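Q: What follows is final.txt; its format and atoms are compact mmCIF, C-alpha atoms.
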```txt
# COMPACT_ATOMS: atom_id res chain seq x y z
CA MET M 1 302.28 128.48 159.45
CA ARG M 2 299.65 126.18 158.12
CA ILE M 3 299.58 122.44 158.75
CA THR M 4 297.20 119.68 157.74
CA VAL M 5 295.61 117.59 160.48
CA LEU M 6 294.43 114.08 159.58
CA PHE M 7 291.82 112.25 161.67
CA PHE M 8 291.42 108.48 161.49
CA ALA M 9 288.83 105.97 162.70
CA GLN M 10 287.25 107.09 166.01
CA ALA M 11 289.06 110.43 165.78
CA ARG M 12 287.61 111.05 162.31
CA GLU M 13 284.10 110.22 163.48
CA ARG M 14 284.33 112.35 166.62
CA ALA M 15 285.79 115.31 164.73
CA GLY M 16 283.17 114.82 162.02
CA ARG M 17 285.76 115.25 159.26
CA PRO M 18 288.80 113.46 157.83
CA SER M 19 291.13 116.48 157.72
CA LEU M 20 291.58 120.07 158.74
CA ALA M 21 293.83 122.96 157.65
CA LEU M 22 295.16 124.49 160.86
CA GLU M 23 296.90 127.87 161.16
CA LEU M 24 299.49 128.03 163.97
CA PRO M 25 302.11 130.56 165.08
CA ASP M 26 305.57 129.93 163.62
CA GLY M 27 307.69 127.75 165.89
CA SER M 28 304.67 125.81 167.16
CA ARG M 29 305.23 122.32 168.47
CA VAL M 30 303.02 119.24 168.29
CA ALA M 31 301.68 119.98 171.79
CA ASP M 32 300.54 123.43 170.59
CA ALA M 33 298.71 121.88 167.66
CA ARG M 34 297.15 119.34 169.98
CA ALA M 35 295.87 122.12 172.28
CA ALA M 36 294.40 124.00 169.31
CA ILE M 37 292.67 120.87 168.01
CA ALA M 38 291.36 120.00 171.48
CA ARG M 39 289.78 123.47 171.81
CA ARG M 40 288.10 123.10 168.44
CA TYR M 41 286.92 119.52 168.88
CA PRO M 42 285.86 118.88 172.48
CA ALA M 43 284.35 115.58 171.31
CA LEU M 44 287.90 114.24 171.04
CA GLU M 45 288.52 114.71 174.75
CA ALA M 46 288.03 111.11 175.92
CA LEU M 47 290.19 109.87 173.06
CA TRP M 48 293.33 112.00 173.60
CA PRO M 49 294.97 109.71 176.19
CA HIS M 50 294.81 106.86 173.66
CA LEU M 51 295.99 108.71 170.55
CA ALA M 52 299.43 108.43 168.98
CA LEU M 53 300.57 111.40 166.92
CA ALA M 54 302.61 111.29 163.72
CA VAL M 55 304.18 114.10 161.73
CA ASP M 56 304.65 113.28 158.06
CA GLY M 57 304.10 109.60 158.84
CA VAL M 58 306.58 109.34 161.72
CA LEU M 59 305.48 108.91 165.36
CA VAL M 60 306.40 111.93 167.48
CA SER M 61 306.06 113.26 171.02
CA GLY M 62 304.50 116.57 172.01
CA ASP M 63 307.75 118.53 171.98
CA ALA M 64 308.48 117.72 168.31
CA THR M 65 308.56 120.80 166.12
CA LEU M 66 306.18 121.44 163.26
CA HIS M 67 306.88 123.01 159.90
CA THR M 68 304.77 124.61 157.20
CA ASP M 69 302.76 122.00 155.28
CA ALA M 70 303.44 119.36 157.93
CA GLU M 71 300.90 116.53 158.06
CA LEU M 72 299.89 115.82 161.66
CA ALA M 73 297.95 112.56 162.03
CA LEU M 74 295.81 111.55 165.02
CA LEU M 75 296.10 107.77 165.30
CA PRO M 76 293.79 105.81 167.63
CA PRO M 77 294.90 102.38 168.92
CA VAL M 78 295.36 100.14 165.88
CA SER M 79 293.41 97.00 165.01
CA GLY M 80 294.60 95.76 161.65
CA GLY M 81 294.56 92.14 160.59
CA MET C 82 306.10 94.67 147.90
CA ALA C 83 303.36 95.37 150.44
CA GLU C 84 299.94 96.30 149.14
CA LEU C 85 296.73 97.86 150.41
CA VAL C 86 293.85 96.75 148.19
CA ARG C 87 290.14 97.41 147.91
CA ARG C 88 289.26 94.13 146.23
CA PRO C 89 289.28 90.46 147.30
CA ILE C 90 292.74 89.06 148.06
CA ASP C 91 293.78 86.33 145.61
CA ALA C 92 295.53 83.92 147.99
CA ALA C 93 296.27 81.33 145.30
CA ALA C 94 298.04 83.94 143.19
CA LEU C 95 300.10 85.07 146.20
CA ALA C 96 301.18 81.50 146.95
CA ARG C 97 302.04 80.94 143.28
CA GLU C 98 304.09 84.13 143.12
CA ALA C 99 306.00 83.22 146.30
CA ALA C 100 307.19 79.87 144.91
CA ARG C 101 310.90 79.65 144.03
CA PRO C 102 313.31 76.80 143.35
CA ASP C 103 315.45 77.36 146.46
CA CYS C 104 312.44 77.18 148.82
CA GLY C 105 310.72 74.03 150.04
CA ALA C 106 308.09 75.80 152.13
CA ILE C 107 305.52 78.51 151.65
CA ALA C 108 303.57 79.57 154.74
CA LEU C 109 300.42 81.50 153.87
CA PHE C 110 298.35 83.08 156.64
CA LEU C 111 294.93 84.54 155.87
CA GLY C 112 293.05 86.61 158.40
CA THR C 113 289.37 86.24 157.55
CA SER C 114 286.28 88.18 158.48
CA ARG C 115 284.50 86.43 161.41
CA ASP C 116 280.80 86.48 162.28
CA HIS C 117 281.17 86.96 166.05
CA HIS C 118 283.19 89.00 168.52
CA GLN C 119 282.89 88.95 172.31
CA GLY C 120 279.47 87.32 172.15
CA ARG C 121 277.98 89.64 169.55
CA ARG C 122 276.98 88.58 166.05
CA VAL C 123 278.95 90.43 163.42
CA THR C 124 277.64 90.91 159.87
CA GLY C 125 280.72 92.44 158.29
CA LEU C 126 283.96 94.36 158.80
CA ALA C 127 285.40 97.53 157.34
CA TYR C 128 289.02 98.68 157.45
CA GLU C 129 290.69 102.02 157.05
CA ALA C 130 294.38 102.99 157.07
CA TYR C 131 296.71 105.94 157.12
CA GLU C 132 297.87 104.62 153.80
CA PRO C 133 301.37 106.04 153.23
CA MET C 134 302.43 105.29 156.81
CA ALA C 135 300.77 101.86 156.79
CA LEU C 136 302.51 100.91 153.55
CA ARG C 137 305.90 101.95 154.90
CA ALA C 138 305.25 99.98 158.11
CA LEU C 139 304.22 96.87 156.13
CA GLU C 140 307.29 97.19 153.91
CA GLY C 141 309.42 97.45 157.05
CA ILE C 142 307.95 94.15 158.30
CA GLU C 143 308.57 92.54 154.90
CA ARG C 144 312.20 93.69 155.05
CA ARG C 145 312.85 92.75 158.69
CA THR C 146 311.30 89.27 158.49
CA PRO C 147 314.14 87.71 156.41
CA GLU C 148 316.65 89.45 158.69
CA ARG C 149 315.22 87.75 161.79
CA PHE C 150 314.37 84.32 160.35
CA GLU C 151 315.89 81.89 157.89
CA VAL C 152 313.40 82.76 155.19
CA ALA C 153 313.80 84.07 151.66
CA THR C 154 310.84 86.41 151.29
CA CYS C 155 307.86 87.90 153.12
CA ARG C 156 304.95 89.60 151.42
CA ILE C 157 301.92 91.25 153.02
CA VAL C 158 298.62 92.34 151.47
CA HIS C 159 295.92 94.06 153.54
CA ARG C 160 292.44 94.78 152.30
CA LEU C 161 290.69 98.11 153.04
CA GLY C 162 287.04 99.11 152.89
CA ASP C 163 284.22 96.61 153.42
CA VAL C 164 285.21 92.96 153.86
CA PRO C 165 282.28 90.50 153.71
CA LEU C 166 282.18 87.59 156.15
CA ALA C 167 284.61 84.73 155.48
CA GLU C 168 286.69 86.78 153.04
CA ALA C 169 290.34 87.56 153.73
CA SER C 170 291.23 90.94 155.19
CA VAL C 171 294.94 90.20 155.27
CA ALA C 172 297.46 87.79 153.77
CA VAL C 173 301.03 87.12 154.93
CA VAL C 174 303.11 84.90 152.66
CA VAL C 175 306.56 83.63 153.60
CA ALA C 176 308.82 81.47 151.45
CA ALA C 177 311.69 79.56 153.05
CA ALA C 178 313.93 76.58 152.48
CA HIS C 179 312.25 74.75 155.40
CA ARG C 180 308.85 74.86 157.07
CA GLY C 181 309.93 75.67 160.65
CA PRO C 182 311.25 79.14 159.94
CA ALA C 183 308.42 79.72 157.45
CA PHE C 184 305.76 79.15 160.16
CA ASP C 185 307.67 81.16 162.77
CA ALA C 186 308.31 84.08 160.45
CA CYS C 187 304.72 84.15 159.23
CA ARG C 188 303.42 84.37 162.79
CA TRP C 189 305.94 87.06 163.76
CA ALA C 190 305.10 89.18 160.71
CA MET C 191 301.38 88.93 161.48
CA ASP C 192 301.95 89.86 165.15
CA GLU C 193 304.00 92.87 164.06
CA LEU C 194 301.25 93.92 161.70
CA LYS C 195 298.71 93.90 164.52
CA ARG C 196 301.07 95.85 166.79
CA ALA C 197 302.60 98.53 164.64
CA VAL C 198 300.64 99.38 161.49
CA PRO C 199 298.09 102.24 161.38
CA ILE C 200 295.07 100.23 160.22
CA TRP C 201 291.68 100.24 161.97
CA LYS C 202 288.87 97.69 161.95
CA LYS C 203 285.19 98.44 162.44
CA GLU C 204 282.59 95.77 163.15
CA PHE C 205 278.95 95.93 162.10
CA PHE C 206 276.55 94.05 164.41
CA ALA C 207 273.54 91.91 163.59
CA GLU C 208 271.40 93.66 166.21
CA GLY C 209 272.34 97.00 164.66
CA GLY C 210 275.10 99.42 165.39
CA GLU C 211 278.81 99.39 164.73
CA ALA C 212 282.00 99.81 166.72
CA TRP C 213 285.73 100.23 166.18
CA VAL C 214 287.57 97.21 167.51
CA GLU C 215 289.49 98.04 170.66
CA GLY C 216 293.05 98.22 169.45
CA ARG C 217 296.57 98.65 170.76
CA PRO C 218 298.20 102.07 171.13
CA LEU C 219 300.88 102.68 168.50
CA ALA C 220 304.29 103.14 170.07
```
So, in terms of structure tokens, how does the structure I just supplied come out?
A:
Amino acid sequence: MRITVLFFAQARERAGRPSLALELPDGSRVADARAAIARRYPALEALWPHLALAVDGVLVSGDATLHTDAELALLPPVSGG
Amino acid sequence: MAELVRRPIDAAALAREAARPDCGAIALFLGTSRDHHQGRRVTGLAYEAYEPMALRALEGIERRTPERFEVATCRIVHRLGDVPLAEASVAVVVAAAHRGPAFDACRWAMDELKRAVPIWKKEFFAEGGEAWVEGRPLA
């Protein structure tokens, strides 16, 4: 299945792009996507412990399942206001 | 109705629109772009958001505020992109019958915004360079 990964703020700058189409085996979970992204973007390494992950705009943990066309967002600590 | 805008925030218009006959108080908070942070001179700020999620989170705050406080309405507008010094990056407007709940609710809504909305702030420094403001993990 194919998902879209969205990078924001520090994650966007370290990945060098705002988004990515990622192909994953069917049945993949968020943790699988995270491992695939980490392999592709080693520059994100220091950031991972601080990132929240959202699928389709809802915060999730690593064992959440993914679906085709899911939007997985990498969200650094927030600083609005 | 929460908004993310890429233009200056019209605070007077927001206050005018919040006015209603059953309310004797309008609390309007503006967060404005400041020229210093932790001892460094700042020349400007820029904001980005995960827009659909940020809008839903802001609308959630607008909805929950009158549930928690004796207030009639809460409205939030956040600016994105470059924000020049001294201009507003965010406005929270609360209308209530009385000022006490209006102040309390306005503060709570702003605290929630800082805690739970996917928006990021970058500072540009006078001596050169730029940095994302150290934020709080979303949870």
Q: Determine, counting all atoms listed in the file, which protein, DNA and RNA residues have an atom within 12 Å of an atom of C:Asp91; residues of the same chain fewer than 2 positions away are not included. Present the result as a PyMOL selection string.
A: chain C and resi 86-89+93-98+109+111+158-160+168-174
Q: Would you save the residues of that selection, restricted to C-alpha atoms, as a tab-separated table (two decimals), keeping the file's coordinate frame?
A:
```tsv
chain	number	residue	atom	x	y	z
C	86	VAL	CA	293.85	96.75	148.19
C	87	ARG	CA	290.14	97.41	147.91
C	88	ARG	CA	289.26	94.13	146.23
C	89	PRO	CA	289.28	90.46	147.30
C	93	ALA	CA	296.27	81.33	145.30
C	94	ALA	CA	298.04	83.94	143.19
C	95	LEU	CA	300.10	85.07	146.20
C	96	ALA	CA	301.18	81.50	146.95
C	97	ARG	CA	302.04	80.94	143.28
C	98	GLU	CA	304.09	84.13	143.12
C	109	LEU	CA	300.42	81.50	153.87
C	111	LEU	CA	294.93	84.54	155.87
C	158	VAL	CA	298.62	92.34	151.47
C	159	HIS	CA	295.92	94.06	153.54
C	160	ARG	CA	292.44	94.78	152.30
C	168	GLU	CA	286.69	86.78	153.04
C	169	ALA	CA	290.34	87.56	153.73
C	170	SER	CA	291.23	90.94	155.19
C	171	VAL	CA	294.94	90.20	155.27
C	172	ALA	CA	297.46	87.79	153.77
C	173	VAL	CA	301.03	87.12	154.93
C	174	VAL	CA	303.11	84.90	152.66
```
Q: Within 10 Å of C:Phe110, counting only C-alpha atoms, which residues qualify if same-chain residues fewer than 2 places away don't, as a PyMOL selection string?
A: chain C and resi 92+107-108+112-113+157+169+171-175+184+187-188+190-191
Q: Next, the residues of the selection above should be written as an mmCIF file, keeping the file's coordinate frame with C-alpha atoms.
A:
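Heads up, here's the output in part.cif:
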```
data_model
loop_
_atom_site.group_PDB
_atom_site.id
_atom_site.type_symbol
_atom_site.label_atom_id
_atom_site.label_comp_id
_atom_site.auth_asym_id
_atom_site.auth_seq_id
_atom_site.Cartn_x
_atom_site.Cartn_y
_atom_site.Cartn_z
ATOM 1 C CA ALA C 92 295.530 83.920 147.990
ATOM 2 C CA ILE C 107 305.520 78.510 151.650
ATOM 3 C CA ALA C 108 303.570 79.570 154.740
ATOM 4 C CA GLY C 112 293.050 86.610 158.400
ATOM 5 C CA THR C 113 289.370 86.240 157.550
ATOM 6 C CA ILE C 157 301.920 91.250 153.020
ATOM 7 C CA ALA C 169 290.340 87.560 153.730
ATOM 8 C CA VAL C 171 294.940 90.200 155.270
ATOM 9 C CA ALA C 172 297.460 87.790 153.770
ATOM 10 C CA VAL C 173 301.030 87.120 154.930
ATOM 11 C CA VAL C 174 303.110 84.900 152.660
ATOM 12 C CA VAL C 175 306.560 83.630 153.600
ATOM 13 C CA PHE C 184 305.760 79.150 160.160
ATOM 14 C CA CYS C 187 304.720 84.150 159.230
ATOM 15 C CA ARG C 188 303.420 84.370 162.790
ATOM 16 C CA ALA C 190 305.100 89.180 160.710
ATOM 17 C CA MET C 191 301.380 88.930 161.480
#
```
Q: Output as a tab-separated table one row per residue of chain M within 10 Å of chain C: the closest atom pair and its distance in Å to one decimal place, counting all atoms listed in the file, sorted by chain and residue number ascending.
A:
```
residue	atom	partner	partner_atom	distance
M:Leu6	CA	C:Tyr131	CA	8.8
M:Phe7	CA	C:Tyr131	CA	9.2
M:Phe8	CA	C:Tyr131	CA	7.3
M:Ala9	CA	C:Trp201	CA	6.4
M:Gln10	CA	C:Trp213	CA	7.0
M:Pro49	CA	C:Pro218	CA	9.7
M:His50	CA	C:Pro218	CA	6.4
M:Leu51	CA	C:Pro218	CA	7.0
M:Ala52	CA	C:Leu219	CA	5.9
M:Leu53	CA	C:Leu219	CA	8.9
M:Ala54	CA	C:Met134	CA	9.2
M:Asp56	CA	C:Met134	CA	8.4
M:Gly57	CA	C:Met134	CA	5.0
M:Val58	CA	C:Met134	CA	7.6
M:Leu59	CA	C:Ala220	CA	7.5
M:Val60	CA	C:Ala220	CA	9.4
M:Ala73	CA	C:Tyr131	CA	8.3
M:Leu74	CA	C:Tyr131	CA	9.7
M:Leu75	CA	C:Pro199	CA	7.1
M:Pro76	CA	C:Pro218	CA	6.8
M:Pro77	CA	C:Pro218	CA	4.0
M:Val78	CA	C:Gly216	CA	4.7
M:Ser79	CA	C:Gly216	CA	4.6
M:Gly80	CA	C:Ile200	CA	4.7
M:Gly81	CA	C:Val171	CA	5.7
```
Q: Looking at all atoms listed in the file, which of M:Glu71, M:Gly62, M:Ala43, M:Ala21 is the one that sits closest to M:Arg2?
A: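 Nearest candidate to M:Arg2 out of M:Glu71, M:Gly62, M:Ala43, M:Ala21: M:Ala21.
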Q: What is the atom CA of C:Pro182-atom CA of C:Gly141 distance in Å, reported with one decimal?
A: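 If I compute the distance from atom CA of C:Pro182 to atom CA of C:Gly141, I get 18.6 Å.
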